[in-house]
file protein-v4.txt (compact mmCIF, C-alpha atoms)
# COMPACT_ATOMS: atom_id res chain seq x y z
CA MET A 1 113.96 108.16 100.62
CA SER A 2 115.00 109.32 104.08
CA ASN A 3 114.82 113.00 105.06
CA TRP A 4 118.60 113.10 105.15
CA ALA A 5 118.99 111.75 101.61
CA LEU A 6 116.38 114.26 100.40
CA ILE A 7 118.22 117.17 102.05
CA LEU A 8 121.53 116.00 100.62
CA TYR A 9 120.22 115.63 97.06
CA CYS A 10 118.50 119.03 97.20
CA GLY A 11 121.79 120.49 98.45
CA LEU A 12 123.75 118.83 95.65
CA ILE A 13 121.44 120.05 92.90
CA THR A 14 121.47 123.58 94.37
CA TYR A 15 125.24 123.61 94.50
CA PHE A 16 125.52 122.15 91.00
CA THR A 17 123.41 124.96 89.49
CA ARG A 18 125.70 127.52 91.17
CA PHE A 19 128.99 125.83 90.33
CA SER A 20 128.51 124.51 86.78
CA MET A 21 128.46 127.82 84.91
CA ILE A 22 131.26 129.33 86.98
CA ALA A 23 133.46 126.30 86.38
CA LEU A 24 132.64 125.65 82.73
CA ILE A 25 132.41 129.02 81.02
CA LYS A 26 135.48 130.75 79.69
CA LYS A 27 135.91 134.48 79.28
CA GLU A 28 136.19 134.22 75.50
CA MET A 29 132.66 132.81 75.28
CA PHE A 30 131.12 136.23 75.96
CA ASN A 31 130.58 138.81 73.29
CA ASP A 32 128.81 142.16 73.77
CA ARG A 33 125.52 140.81 72.51
CA ILE A 34 125.41 137.97 75.07
CA ARG A 35 126.42 140.41 77.77
CA GLU A 36 123.63 142.79 76.81
CA VAL A 37 121.01 140.04 76.97
CA LEU A 38 122.40 138.67 80.24
CA SER A 39 122.06 142.13 81.79
CA PHE A 40 118.32 141.48 81.65
CA VAL A 41 118.61 138.36 83.81
CA PRO A 42 117.38 139.99 87.07
CA SER A 43 114.38 141.52 85.27
CA ALA A 44 113.61 138.14 83.71
CA ILE A 45 113.92 136.00 86.85
CA PHE A 46 112.77 137.98 89.89
CA PRO A 47 109.21 138.57 88.56
CA ALA A 48 108.83 134.77 88.31
CA ILE A 49 109.16 134.70 92.09
CA ILE A 50 107.34 137.99 92.81
CA PHE A 51 104.15 137.55 90.77
CA PRO A 52 103.11 134.03 91.95
CA ALA A 53 103.87 135.00 95.57
CA ILE A 54 101.42 137.89 95.24
CA PHE A 55 98.69 136.47 93.01
CA ILE A 56 98.65 132.77 93.95
CA ASN A 57 97.47 131.72 97.41
CA ASP A 58 98.63 128.90 99.72
CA LYS A 59 96.33 126.44 97.95
CA GLY A 60 97.85 127.16 94.53
CA LEU A 61 94.81 129.14 93.33
CA PHE A 62 94.83 132.45 91.47
CA GLU A 63 93.54 135.15 93.82
CA ILE A 64 92.66 138.64 92.66
CA ASP A 65 89.57 139.65 94.71
CA ASP A 66 90.06 140.52 98.35
CA ASN A 67 93.85 140.19 98.06
CA PRO A 68 95.64 142.91 100.08
CA LYS A 69 99.01 141.77 98.71
CA ILE A 70 98.26 143.33 95.33
CA LEU A 71 97.69 146.87 96.65
CA ALA A 72 100.58 146.54 99.13
CA ALA A 73 102.93 145.45 96.32
CA ILE A 74 101.79 148.35 94.10
CA ILE A 75 102.46 150.83 96.92
CA ALA A 76 105.89 149.25 97.52
CA MET A 77 106.67 149.48 93.80
CA ILE A 78 105.71 153.17 93.58
CA ILE A 79 107.77 153.98 96.70
CA GLY A 80 110.63 151.98 95.16
CA ILE A 81 110.52 153.83 91.84
CA PHE A 82 110.67 157.25 93.52
CA SER A 83 112.98 156.49 96.45
CA ARG A 84 115.25 153.94 94.70
CA SER A 85 115.71 152.57 98.22
CA ILE A 86 115.58 148.84 98.93
CA ILE A 87 114.68 149.31 102.59
CA ALA A 88 111.94 151.89 101.87
CA THR A 89 110.44 149.53 99.27
CA ILE A 90 110.28 146.56 101.63
CA PHE A 91 109.02 148.46 104.66
CA SER A 92 106.38 150.44 102.77
CA GLY A 93 105.14 147.12 101.37
CA LEU A 94 104.99 145.39 104.76
CA ALA A 95 103.48 148.46 106.48
CA SER A 96 100.77 148.78 103.80
CA TYR A 97 100.06 145.06 104.03
CA TRP A 98 99.67 145.16 107.82
CA PHE A 99 97.55 148.31 107.56
CA LEU A 100 95.28 146.57 105.04
CA ILE A 101 94.84 143.32 107.00
CA PHE A 102 94.71 144.71 110.55
CA VAL A 103 93.20 148.20 110.25
CA VAL A 104 91.04 148.41 107.12
CA MET B 1 141.94 148.14 97.79
CA THR B 2 143.09 145.24 99.93
CA ASN B 3 141.22 141.93 99.85
CA TYR B 4 139.88 142.67 103.32
CA LYS B 5 138.51 146.08 102.29
CA VAL B 6 136.76 144.64 99.24
CA PHE B 7 135.30 141.91 101.49
CA LEU B 8 134.08 144.62 103.93
CA LYS B 9 132.57 146.60 101.05
CA GLY B 10 130.61 143.48 100.08
CA ILE B 11 129.29 143.23 103.66
CA VAL B 12 128.26 146.92 103.72
CA ASP B 13 126.64 146.80 100.28
CA VAL B 14 124.59 143.67 101.01
CA SER B 15 123.41 144.80 104.48
CA PRO B 16 120.19 146.53 103.38
CA LEU B 17 119.17 143.30 101.64
CA MET B 18 119.67 141.36 104.87
CA ILE B 19 116.72 142.98 106.68
CA PRO B 20 114.10 140.97 104.78
CA VAL B 21 116.22 137.80 105.10
CA VAL B 22 115.57 137.89 108.86
CA PRO B 23 111.82 137.18 108.68
CA PHE B 24 112.46 134.75 105.78
CA GLY B 25 114.89 132.67 107.90
CA LEU B 26 112.58 132.77 110.91
CA ILE B 27 109.63 131.63 108.79
CA PHE B 28 111.68 128.78 107.36
CA GLY B 29 112.76 127.55 110.83
CA VAL B 30 109.23 127.77 112.22
CA LEU B 31 107.63 126.04 109.19
CA ALA B 32 110.15 123.19 109.05
CA ILE B 33 109.58 122.25 112.70
CA ASP B 34 105.83 122.62 112.18
CA ILE B 35 105.92 120.16 109.27
CA GLY B 36 107.82 117.59 111.30
CA PHE B 37 111.51 117.96 110.49
CA SER B 38 113.80 117.63 113.52
CA PRO B 39 115.79 120.68 114.67
CA VAL B 40 119.02 119.04 113.40
CA GLU B 41 117.50 118.30 109.97
CA THR B 42 116.17 121.86 109.74
CA MET B 43 119.57 123.32 110.55
CA ALA B 44 121.19 120.92 108.06
CA MET B 45 118.88 122.18 105.30
CA SER B 46 120.08 125.74 105.81
CA LEU B 47 123.72 124.64 105.99
CA ILE B 48 123.69 122.21 103.04
CA ILE B 49 121.20 123.85 100.67
CA PHE B 50 121.70 127.50 101.73
CA GLY B 51 118.94 128.81 99.48
CA GLY B 52 115.76 130.38 100.82
CA ALA B 53 113.48 129.82 97.83
CA SER B 54 114.68 126.21 97.40
CA GLN B 55 114.17 125.41 101.07
CA ILE B 56 110.68 126.92 101.15
CA VAL B 57 109.72 124.95 98.02
CA LEU B 58 111.12 121.77 99.63
CA LEU B 59 108.90 122.34 102.68
CA GLN B 60 105.79 123.15 100.64
CA LEU B 61 106.07 120.04 98.48
CA PHE B 62 107.14 117.78 101.37
CA SER B 63 104.12 118.79 103.45
CA GLY B 64 101.91 118.25 100.39
CA GLY B 65 103.16 114.66 100.17
CA ALA B 66 105.08 115.02 96.90
CA SER B 67 107.57 112.27 95.98
CA SER B 68 111.28 112.80 96.55
CA LEU B 69 111.91 112.86 92.81
CA VAL B 70 109.37 115.67 92.30
CA ILE B 71 110.81 117.61 95.26
CA ILE B 72 114.39 117.31 93.99
CA SER B 73 113.46 118.25 90.40
CA SER B 74 111.43 121.20 91.69
CA VAL B 75 114.33 122.43 93.78
CA GLY B 76 116.47 122.09 90.66
CA ALA B 77 113.98 124.12 88.65
CA VAL B 78 113.75 126.85 91.29
CA ASN B 79 117.54 126.92 91.32
CA SER B 80 117.87 127.14 87.56
CA ARG B 81 118.22 130.92 87.94
CA HIS B 82 121.65 130.24 89.45
CA LEU B 83 122.80 128.93 86.05
CA LEU B 84 122.14 132.39 84.70
CA TYR B 85 123.78 134.11 87.69
CA GLY B 86 126.79 131.84 87.23
CA ALA B 87 126.96 132.65 83.54
CA VAL B 88 126.90 136.38 84.33
CA VAL B 89 129.57 136.39 87.05
CA SER B 90 131.77 133.69 85.50
CA GLU B 91 133.43 136.17 83.15
CA HIS B 92 134.79 137.98 86.23
CA LEU B 93 135.94 134.75 87.87
CA SER B 94 137.49 132.92 84.92
CA ASP B 95 141.08 133.62 86.01
CA LEU B 96 140.58 132.18 89.50
CA LYS B 97 141.88 128.87 90.80
CA LEU B 98 139.40 126.00 90.98
CA VAL B 99 139.39 126.04 94.79
CA TRP B 100 138.12 129.65 94.77
CA LYS B 101 135.45 128.76 92.22
CA ILE B 102 134.32 125.93 94.51
CA ILE B 103 134.10 128.31 97.49
CA ILE B 104 132.45 131.18 95.63
CA SER B 105 129.83 128.87 94.11
CA TYR B 106 128.50 128.12 97.60
CA PHE B 107 127.93 131.86 98.14
CA LEU B 108 126.33 132.62 94.77
CA ILE B 109 122.90 133.56 96.14
CA ASP B 110 120.29 136.08 94.99
CA GLN B 111 121.29 138.95 97.27
CA ALA B 112 125.04 138.57 96.80
CA PHE B 113 124.57 138.29 93.03
CA ALA B 114 122.39 141.40 92.92
CA ILE B 115 124.90 143.65 94.69
CA SER B 116 128.12 142.13 93.38
CA ASN B 117 126.98 142.04 89.76
CA ASP B 118 127.04 145.87 89.76
CA TYR B 119 130.34 145.99 91.62
CA LEU B 120 132.05 143.44 89.35
CA LYS B 121 130.94 145.38 86.28
CA LYS B 122 132.36 148.67 87.53
CA ASN B 123 135.63 147.41 89.03
CA LYS B 124 138.45 145.68 87.25
CA ASP B 125 140.74 144.92 90.24
CA SER B 126 141.92 141.32 90.28
CA ASN B 127 140.59 140.83 93.84
CA ARG B 128 137.08 142.14 93.07
CA TYR B 129 135.53 138.71 93.71
CA PHE B 130 136.07 139.26 97.46
CA HIS B 131 133.03 141.54 97.21
CA LEU B 132 130.86 138.55 96.30
CA VAL B 133 132.37 136.47 99.11
CA GLY B 134 131.67 139.31 101.60
CA GLY B 135 128.04 139.58 100.52
CA GLY B 136 127.54 135.81 100.48
CA ALA B 137 129.21 135.26 103.87
CA THR B 138 127.05 137.99 105.45
CA CYS B 139 123.92 136.34 104.13
CA TRP B 140 125.21 132.97 105.36
CA VAL B 141 125.56 134.23 108.93
CA ILE B 142 122.11 135.86 108.91
CA TRP B 143 120.46 132.82 107.30
CA GLN B 144 121.96 130.28 109.74
CA SER B 145 121.25 132.37 112.84
CA THR B 146 117.67 133.22 111.88
CA THR B 147 117.00 129.55 110.99
CA LEU B 148 118.23 128.63 114.48
CA LEU B 149 116.09 131.36 116.03
CA GLY B 150 113.06 130.12 114.07
CA ILE B 151 113.66 126.57 115.36
CA ILE B 152 113.81 127.89 118.95
CA LEU B 153 110.89 130.31 118.70
CA GLY B 154 108.70 127.79 116.91
CA ALA B 155 105.05 128.58 117.19
CA ALA B 156 105.60 131.81 119.16
CA ILE B 157 105.56 133.85 115.92
CA PRO B 158 101.96 134.57 114.92
CA GLU B 159 101.11 133.31 111.44
CA LYS B 160 98.70 136.24 111.12
CA LEU B 161 101.58 138.65 110.53
CA GLY B 162 101.94 137.18 107.04
CA LEU B 163 105.70 137.51 107.14
CA SER B 164 106.05 135.33 104.05
CA PHE B 165 104.98 138.45 102.10
CA ALA B 166 108.47 139.78 102.82
CA VAL B 167 109.74 137.30 100.20
CA PRO B 168 108.19 138.90 97.08
CA LEU B 169 108.89 142.36 98.55
CA THR B 170 112.59 141.53 98.75
CA PHE B 171 112.73 140.54 95.11
CA LEU B 172 110.61 143.56 94.17
CA ALA B 173 113.08 145.83 95.95
CA LEU B 174 115.91 144.33 93.91
CA LEU B 175 114.26 145.63 90.74
CA VAL B 176 113.74 149.31 91.75
CA ASN B 177 116.24 150.58 89.20
CA ASP B 178 114.79 148.47 86.40
CA PHE B 179 111.28 149.93 86.68
CA ARG B 180 112.53 153.10 84.99
CA LYS B 181 113.72 151.35 81.82
CA PHE B 182 111.19 150.56 79.10
CA ILE B 183 112.56 147.20 77.92
CA ASN B 184 113.06 146.03 81.50
CA VAL B 185 109.45 146.84 82.36
CA ILE B 186 108.19 144.77 79.40
CA VAL B 187 110.50 141.90 80.39
CA ILE B 188 109.25 142.09 83.99
CA ILE B 189 105.61 141.94 82.87
CA VAL B 190 106.19 139.03 80.43
CA SER B 191 108.10 136.98 83.01
CA GLY B 192 105.56 137.69 85.76
CA LEU B 193 102.60 136.76 83.58
CA VAL B 194 104.18 133.53 82.31
CA ALA B 195 105.07 132.48 85.87
CA THR B 196 101.63 133.30 87.28
CA LEU B 197 99.60 131.76 84.44
CA GLY B 198 101.91 128.75 84.14
CA TYR B 199 102.22 128.18 87.90
CA ASN B 200 99.76 125.29 87.90
CA TYR B 201 100.39 124.03 84.36
CA ILE B 202 104.15 123.95 83.91
CA PRO B 203 105.39 120.67 85.43
CA PHE B 204 107.93 120.30 88.24
CA LYS B 205 107.55 123.95 89.35
CA ALA B 206 109.66 124.77 86.30
CA TYR B 207 107.67 128.01 85.95
CA VAL B 208 110.67 129.98 87.21
CA ILE B 209 112.96 128.91 84.37
CA VAL B 210 110.21 128.97 81.73
CA ALA B 211 109.23 132.51 82.74
CA ALA B 212 112.87 133.61 82.83
CA LEU B 213 113.49 132.24 79.33
CA ALA B 214 110.35 133.98 78.05
CA GLY B 215 111.64 137.21 79.60
CA LEU B 216 115.10 136.82 78.09
CA ILE B 217 113.72 136.04 74.63
CA THR B 218 111.57 139.19 74.93
CA ALA B 219 114.66 141.17 75.86
CA MET B 220 116.53 139.75 72.84
CA ILE B 221 113.73 140.65 70.43
CA LEU B 222 113.24 144.16 71.84
CA THR B 223 116.94 145.05 71.95
CA THR B 224 117.34 143.84 68.35
CA LYS B 225 114.34 145.96 67.26
CA MET B 226 115.69 149.04 69.05
CA LYS B 227 118.99 148.68 67.21
CA LYS B 228 117.27 148.40 63.82
CA ASN B 229 115.35 151.60 64.49
CA GLU B 230 118.47 153.56 65.35
call {"tool": "encode", "arguments": {"input": "protein-v4.txt", "output": "structure tokens"}}
result
Amino acid sequence: MSNWALILYCGLITYFTRFSMIALIKKEMFNDRIREVLSFVPSAIFPAIIFPAIFINDKGLFEIDDNPKILAAIIAMIIGIFSRSIIATIFSGLASYWFLIFVV
Amino acid sequence: MTNYKVFLKGIVDVSPLMIPVVPFGLIFGVLAIDIGFSPVETMAMSLIIFGGASQIVLLQLFSGGASSLVIISSVGAVNSRHLLYGAVVSEHLSDLKLVWKIIISYFLIDQAFAISNDYLKKNKDSNRYFHLVGGGATCWVIWQSTTLLGIILGAAIPEKLGLSFAVPLTFLALLVNDFRKFINVIVIIVSGLVATLGYNYIPFKAYVIVAALAGLITAMILTTKMKKNE
């Protein structure tokens, strides 16, 4: 498959996942119970991106020793809980990470 | 509020989330050129796919020599979260014309979903979907321009900075309000553990959807239990 075909197919599948539910679902299909469960969607999905990005290295291996990302993420999380600020969370995480890899 | 004002509100609300998109877009542009995609192909990926996580997964698997079928299915699996986003926002969009649904679908990305989901819940104006378009369009501009900048800068950005760490931090920042709620914390831990432990064992990089389903089932069980105890 050419690079162009690959890009096009990946684009199509991405668009399909965004469009299908918006186009197919009707308002009447939602009761309070479904709504309540769906309100947990961010908490259920984002960790699936966060955790592997912190604990699994470039080679696909689990990494817990000598991994500055863990401490940096914990600091970012604590700052996030107290500040409730998106920017403070991200910058405290990056700053701690750089401090750990360049200074310590 | 006028359509334009709701659109502007979407831009303002999403802006803080755009800061981490900058290094993400740069990294994508730099990596794609590094792997051997042409500048035009790299730009086309950002224009056609318009999804950071999907594009990074595409690059990772492509450079690892994975087959096209595996790459496409993996991108589909990474994108499966959009099915859930779509299901959540669709109740606010069900009265719209098909042409608007086609347009909005292109802009249904993580950041726009995160900020507009709150807005759509709290507002009942018929033009409230302009908020989502404002957030999505802002992200579109930032994503395309930083991809272009990454293509131009190429190897000038030192890999040592570890800018890819901005990716999990962005998603972490989106959860700051959920860390204070007990059920959410349990759901976060379950999903994170399933994704991390299943990363190498769940086929087609489907760990994102498997972990999300595990998290949602946990949420269902816990909310049911809480109700029984009341």
call {"tool": "residues_around", "arguments": {"input": "protein-v4.txt", "residues": "A:Val41", "least_positions_apart": "4", "cutoff": "12 Å", "atoms": "all atoms listed in the file", "output": "ChimeraX atom specification"}}
result
/A:34-37,45-48 /B:80-89,110,113-114,117,175,178,184,187-188,191,209,211-220
call {"tool": "closest_residue", "arguments": {"input": "protein-v4.txt", "among": "B:Asn79, B:Ala66, B:Gly29, B:Ile56", "to": "A:Phe19", "atoms": "only C-alpha atoms"}}
result
B:Asn79
call {"tool": "closest_residue", "arguments": {"input": "protein-v4.txt", "among": "A:Arg84, A:Ser2, A:Ala72, A:Asp58", "to": "chain B", "atoms": "only C-alpha atoms"}}
result
A:Arg84
call {"tool": "closest_residue", "arguments": {"input": "protein-v4.txt", "among": "B:Leu47, B:Leu61, B:Val194, B:Leu26", "to": "B:Gly154", "atoms": "all atoms listed in the file"}}
result
B:Leu26
call {"tool": "atom_distance", "arguments": {"input": "protein-v4.txt", "atom1": "atom CA of B:Lys9", "atom2": "atom CA of B:Trp140"}}
result
16.1 Å
call {"tool": "decode", "arguments": {"input": "protein-v4.txt", "residues": "stretch 145-176 of chain B", "atoms": "N, CA and C atoms", "output": "short mmCIF file (atom, residue, chain, number, x, y, z; two decimals), in the first residue's frame"}}
result
data_model
loop_
_atom_site.label_atom_id
_atom_site.label_comp_id
_atom_site.auth_asym_id
_atom_site.auth_seq_id
_atom_site.Cartn_x
_atom_site.Cartn_y
_atom_site.Cartn_z
N SER B 145 -0.49 24.55 11.91
CA SER B 145 0.67 25.45 11.88
C SER B 145 1.87 24.85 12.60
N THR B 146 1.62 24.11 13.71
CA THR B 146 2.76 23.52 14.41
C THR B 146 3.32 22.32 13.63
N THR B 147 2.44 21.60 12.90
CA THR B 147 2.94 20.52 12.04
C THR B 147 3.90 21.11 11.00
N LEU B 148 3.46 22.21 10.38
CA LEU B 148 4.27 22.89 9.36
C LEU B 148 5.60 23.35 9.95
N LEU B 149 5.52 23.93 11.14
CA LEU B 149 6.73 24.41 11.82
C LEU B 149 7.68 23.23 12.13
N GLY B 150 7.09 22.11 12.55
CA GLY B 150 7.89 20.91 12.83
C GLY B 150 8.60 20.42 11.58
N ILE B 151 7.89 20.45 10.44
CA ILE B 151 8.47 20.03 9.16
C ILE B 151 9.67 20.92 8.83
N ILE B 152 9.50 22.23 9.04
CA ILE B 152 10.56 23.20 8.71
C ILE B 152 11.74 23.08 9.68
N LEU B 153 11.43 23.02 10.96
CA LEU B 153 12.50 22.98 11.97
C LEU B 153 13.28 21.67 11.94
N GLY B 154 12.55 20.58 11.63
CA GLY B 154 13.19 19.28 11.52
C GLY B 154 14.03 18.94 12.73
N ALA B 155 15.26 18.62 12.48
CA ALA B 155 16.13 18.11 13.53
C ALA B 155 16.64 19.18 14.50
N ALA B 156 16.25 20.44 14.28
CA ALA B 156 16.76 21.51 15.14
C ALA B 156 16.27 21.40 16.59
N ILE B 157 15.13 20.69 16.79
CA ILE B 157 14.61 20.54 18.16
C ILE B 157 15.29 19.36 18.84
N PRO B 158 15.98 19.61 19.96
CA PRO B 158 16.70 18.51 20.61
C PRO B 158 15.76 17.46 21.18
N GLU B 159 16.04 16.21 20.86
CA GLU B 159 15.22 15.10 21.34
C GLU B 159 15.31 14.98 22.86
N LYS B 160 16.45 15.46 23.40
CA LYS B 160 16.70 15.37 24.84
C LYS B 160 15.63 16.06 25.69
N LEU B 161 14.96 17.05 25.13
CA LEU B 161 13.95 17.78 25.89
C LEU B 161 12.78 16.89 26.31
N GLY B 162 12.62 15.77 25.62
CA GLY B 162 11.55 14.84 25.97
C GLY B 162 10.17 15.47 25.88
N LEU B 163 9.96 16.24 24.82
CA LEU B 163 8.70 16.95 24.69
C LEU B 163 7.49 16.03 24.54
N SER B 164 7.74 14.78 24.16
CA SER B 164 6.60 13.86 24.02
C SER B 164 5.90 13.65 25.37
N PHE B 165 6.59 13.95 26.48
CA PHE B 165 5.99 13.84 27.81
C PHE B 165 4.83 14.83 27.98
N ALA B 166 4.79 15.84 27.13
CA ALA B 166 3.68 16.79 27.19
C ALA B 166 2.34 16.12 26.85
N VAL B 167 2.42 14.99 26.13
CA VAL B 167 1.19 14.29 25.72
C VAL B 167 0.42 13.73 26.94
N PRO B 168 1.06 12.86 27.76
CA PRO B 168 0.30 12.40 28.94
C PRO B 168 -0.07 13.53 29.89
N LEU B 169 0.79 14.56 29.99
CA LEU B 169 0.48 15.68 30.89
C LEU B 169 -0.79 16.40 30.45
N THR B 170 -0.97 16.52 29.14
CA THR B 170 -2.18 17.17 28.63
C THR B 170 -3.42 16.41 29.07
N PHE B 171 -3.39 15.10 28.89
CA PHE B 171 -4.55 14.29 29.25
C PHE B 171 -4.76 14.28 30.77
N LEU B 172 -3.63 14.30 31.50
CA LEU B 172 -3.70 14.35 32.97
C LEU B 172 -4.41 15.65 33.40
N ALA B 173 -4.03 16.73 32.75
CA ALA B 173 -4.61 18.03 33.10
C ALA B 173 -6.12 18.07 32.85
N LEU B 174 -6.56 17.27 31.87
CA LEU B 174 -7.99 17.24 31.56
C LEU B 174 -8.80 16.55 32.66
N LEU B 175 -8.11 15.85 33.55
CA LEU B 175 -8.81 15.09 34.59
C LEU B 175 -8.77 15.77 35.96
N VAL B 176 -8.20 17.00 36.06
CA VAL B 176 -7.99 17.60 37.40
C VAL B 176 -9.25 17.63 38.26
#
